[in-house]
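Asker: Questions regarding the structure given below will be posed in turn.
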Amino acid sequence: MIMKGDYIEKIKSIVNNRENIYFLLLLLLLVFLSKGYHFSSNMIVVICVFYLIDKNLKEKIKRIDIKLYLPFVLVFVIHLIGILYSDNTQKAISGVIARLSFILLPPIILSELISKKKLYKLLLLLKYYLLFFAIFLIIIQTFFIQYSLWKLTYIALRSVTGIHHMYFSQFYILVLLFVLHQLNERKIRIGLAIFEIAMTLFFIWILGAAPSMFFSLLFVLIATFIHNKSWFYRFLIFILLIGSIFSMRNTIIFENKINKVTQIEFNINKNIKKYQQDLSAFGTSNTLEMRLVKWHVALKIFRTNFWTGVGSGDYQDSLNKGYVKIKFANAIKYKYNTHNQYLEEGLKFGIWGVLLLLYFFANPLFLAYKERNWMLFAIVVYIVSIAVIESLFVRLHGVVFFSVVIPLLYVYGKKKD
């Protein structure tokens, strides 16, 4: 018979176990990151304080894998340098503050001791939380708001989390990759895996971020026909994917995406003339076309400031002036960023910014390939591709997601069972 005192001792041992506390803090950080900005910012502070309160701090710092951490440091440092030649120093300083996670979170994840078993459990709990959260959002949209499920991105998601659907879909790409990893490691039954894959694909489709929709299908196909040897499983997944595509082909989201791609105007002069009037009120604006105009303006500024850029504080001001010159109505009104991370770094720091960003992305990609860490490799490929059409690190969610998930999957891949 277990006495009351035994329960108390067991609770004390759990609380006093540093690994358990770290596990809980990491889980809370990822959960809060999917909920909004405020809580995740507070959790970053908490986890940093926890890391510093350790008598073995010096030993931990020595364990930091500099191969992965160095690019994070360099990106942070170049933004510090950018303050020195920016007229808008307030903007430059805010850019540095937004990237604090680059320098704070990776060393914690790379050096705080935690077993592979615990990391697997962390990813497992995160997976189930996100799947249940997806169901929660669907219920809110259909039963409480009582509006079309295909408008979930603009109503339920925005009201509950305030997160842009492109950033939110990153979490479900991670879920999908983890399920495929479980299958490859034979840690999940095929029936349950197919159900979770189908549910994740369905929710990614509802979110409506076209790149995430494309990569989710691509990753499933690659994992199915390369890593999995079961022909029965391959057949089921093939039927699932074909069925998903055919069932979705007549939805509003699918039709809108196809229309935008097929009707895009590539002639930049015609495009500029078209967007000299504000089309947003009429619902006729094409975000792909608008990106072409933004990139046209950004490239002109980049070519003029090829070697040094305009400074991390002045790049948006330079863009705004460029928008005024061509009378780009929507951009003048909303002060659009470049919607391209590579161009944004080029505007800030010239060619050196572009090269550093390429190194920033290529480094974990190379390490993942070297270690045969396919989950890390896939998520980096996804982020590298998204960076072509999004300024990912403009928002806290882009910075923190990269700062946490990349070192986390790196550490998970290096640890032995």
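Convention: chains lettered A, B, ... in structure tokens order; per-chain residue numbering from 1; ligands numbered from 1 as shown.
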Excluding same-chain residues fewer than 6 positions from His164 of chain A, what lies within 10 Å of it counting only C-alpha atoms, as a PyMOL selection string?
Answerer: chain A and resi 153-154+157-158+207+209+395+397
Asker: List the neighbours of Phe23 of chain A out to 9 Å using only C-alpha atoms; skip same-chain residues closer than 2 positions along the sequence, and give me the result as an MDAnalysis selection string.
Answerer: chainID A and resid 18:21 25:28 114 118:119 122
Asker: When you look at Leu192 of chain A with a cut-off of 12 Å (counting only C-alpha atoms), what residues show up, excluding the ones that are within fewer than 3 positions of it in the same chain? I need them as an mmCIF file with N, CA and C atoms, in the first residue's frame.
Answerer:
```cif
data_model
loop_
_atom_site.group_PDB
_atom_site.id
_atom_site.type_symbol
_atom_site.label_atom_id
_atom_site.label_comp_id
_atom_site.auth_asym_id
_atom_site.auth_seq_id
_atom_site.Cartn_x
_atom_site.Cartn_y
_atom_site.Cartn_z
ATOM 1 N N VAL A 179 4.634 12.932 -37.468
ATOM 2 C CA VAL A 179 3.872 11.708 -37.719
ATOM 3 C C VAL A 179 4.613 10.820 -38.722
ATOM 4 N N LEU A 180 5.160 11.430 -39.772
ATOM 5 C CA LEU A 180 5.924 10.671 -40.765
ATOM 6 C C LEU A 180 7.185 10.077 -40.139
ATOM 7 N N GLN A 182 7.423 9.204 -36.939
ATOM 8 C CA GLN A 182 6.927 8.094 -36.122
ATOM 9 C C GLN A 182 6.715 6.842 -36.976
ATOM 10 N N LEU A 183 6.164 7.039 -38.154
ATOM 11 C CA LEU A 183 5.946 5.911 -39.071
ATOM 12 C C LEU A 183 7.261 5.268 -39.477
ATOM 13 N N ARG A 186 8.599 3.280 -36.792
ATOM 14 C CA ARG A 186 7.645 2.257 -36.339
ATOM 15 C C ARG A 186 7.176 2.511 -34.903
ATOM 16 N N LYS A 187 6.867 3.766 -34.608
ATOM 17 C CA LYS A 187 6.400 4.138 -33.275
ATOM 18 C C LYS A 187 4.924 4.521 -33.262
ATOM 19 N N ILE A 188 4.232 4.218 -34.359
ATOM 20 C CA ILE A 188 2.807 4.508 -34.451
ATOM 21 C C ILE A 188 2.166 3.490 -35.395
ATOM 22 N N ARG A 189 0.933 3.110 -35.099
ATOM 23 C CA ARG A 189 0.229 2.178 -35.971
ATOM 24 C C ARG A 189 -0.173 2.861 -37.270
ATOM 25 N N PHE A 195 -4.917 8.392 -40.170
ATOM 26 C CA PHE A 195 -5.939 9.308 -39.649
ATOM 27 C C PHE A 195 -5.338 10.669 -39.298
ATOM 28 N N GLU A 196 -4.194 10.663 -38.624
ATOM 29 C CA GLU A 196 -3.552 11.923 -38.214
ATOM 30 C C GLU A 196 -3.023 12.695 -39.420
ATOM 31 N N ILE A 197 -2.491 11.981 -40.399
ATOM 32 C CA ILE A 197 -2.025 12.634 -41.632
ATOM 33 C C ILE A 197 -3.200 13.288 -42.352
ATOM 34 N N ALA A 198 -4.306 12.548 -42.465
ATOM 35 C CA ALA A 198 -5.497 13.078 -43.144
ATOM 36 C C ALA A 198 -6.026 14.313 -42.426
ATOM 37 N N MET A 199 -6.071 14.249 -41.100
ATOM 38 C CA MET A 199 -6.585 15.371 -40.318
ATOM 39 C C MET A 199 -5.675 16.602 -40.455
ATOM 40 N N TYR A 233 0.362 0.395 -47.139
ATOM 41 C CA TYR A 233 0.365 1.767 -46.627
ATOM 42 C C TYR A 233 0.491 2.759 -47.779
#
```
Asker: To one decimal place in Å, what is the distance between atom CA of Ile272 of chain A and atom CA of Lys327 of chain A?
Answerer: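 Answer for the atom CA of Ile272 of chain A to atom CA of Lys327 of chain A separation: 8.1 Å.
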Asker: From the list A:Leu33, A:Val175, A:Ile145, A:Val45, which residue is nearest Tyr128 of chain A when using only C-alpha atoms?
Answerer: A:Val175
Asker: What is the distance, in Å and to one decimal place, between atom CA of Tyr172 of chain A and atom CA of Ala193 of chain A?
Answerer: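 Taking atom CA of Tyr172 of chain A and atom CA of Ala193 of chain A, their separation equals 14.4 Å.
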Asker: Pick out the residues sitting within 8 Å of Trp307 of chain A, and hand them over as a list in words; count only C-alpha atoms, and ignore anything fewer than 5 positions along from it in its own chain.
Answerer: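 What passes the distance filter is Phe349, Gly350, Ile351 and Trp352 of chain A.
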Asker: Find, counting only C-alpha atoms, the residue in A:Trp205, A:Ile239, A:Tyr22, A:Leu177 that gets nearest to Ile109 of chain A.
Answerer: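 Looking only at the distances to Ile109 of chain A, the closest residue turns out to be A:Tyr22.
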Asker: Quick one: residues within 10 Å of Val73 of chain A, only C-alpha atoms, excluding same-chain residues fewer than 2 positions away - as a list in words?
Answerer: Ile66, Leu68, Tyr69, Leu70, Pro71, Val75, Phe76, Val77, Ile78, Leu100, Phe102, Ile103, Leu104, Pro106 and Phe360 of chain A
Asker: Which of these, A:Lys60, A:His79, A:Lys348, A:His181, has the shortest distance to Glu112 of chain A once you count only C-alpha atoms?
Answerer: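 Of A:Lys60, A:His79, A:Lys348, A:His181, the one nearest Glu112 of chain A, counting only C-alpha atoms, is A:Lys60.
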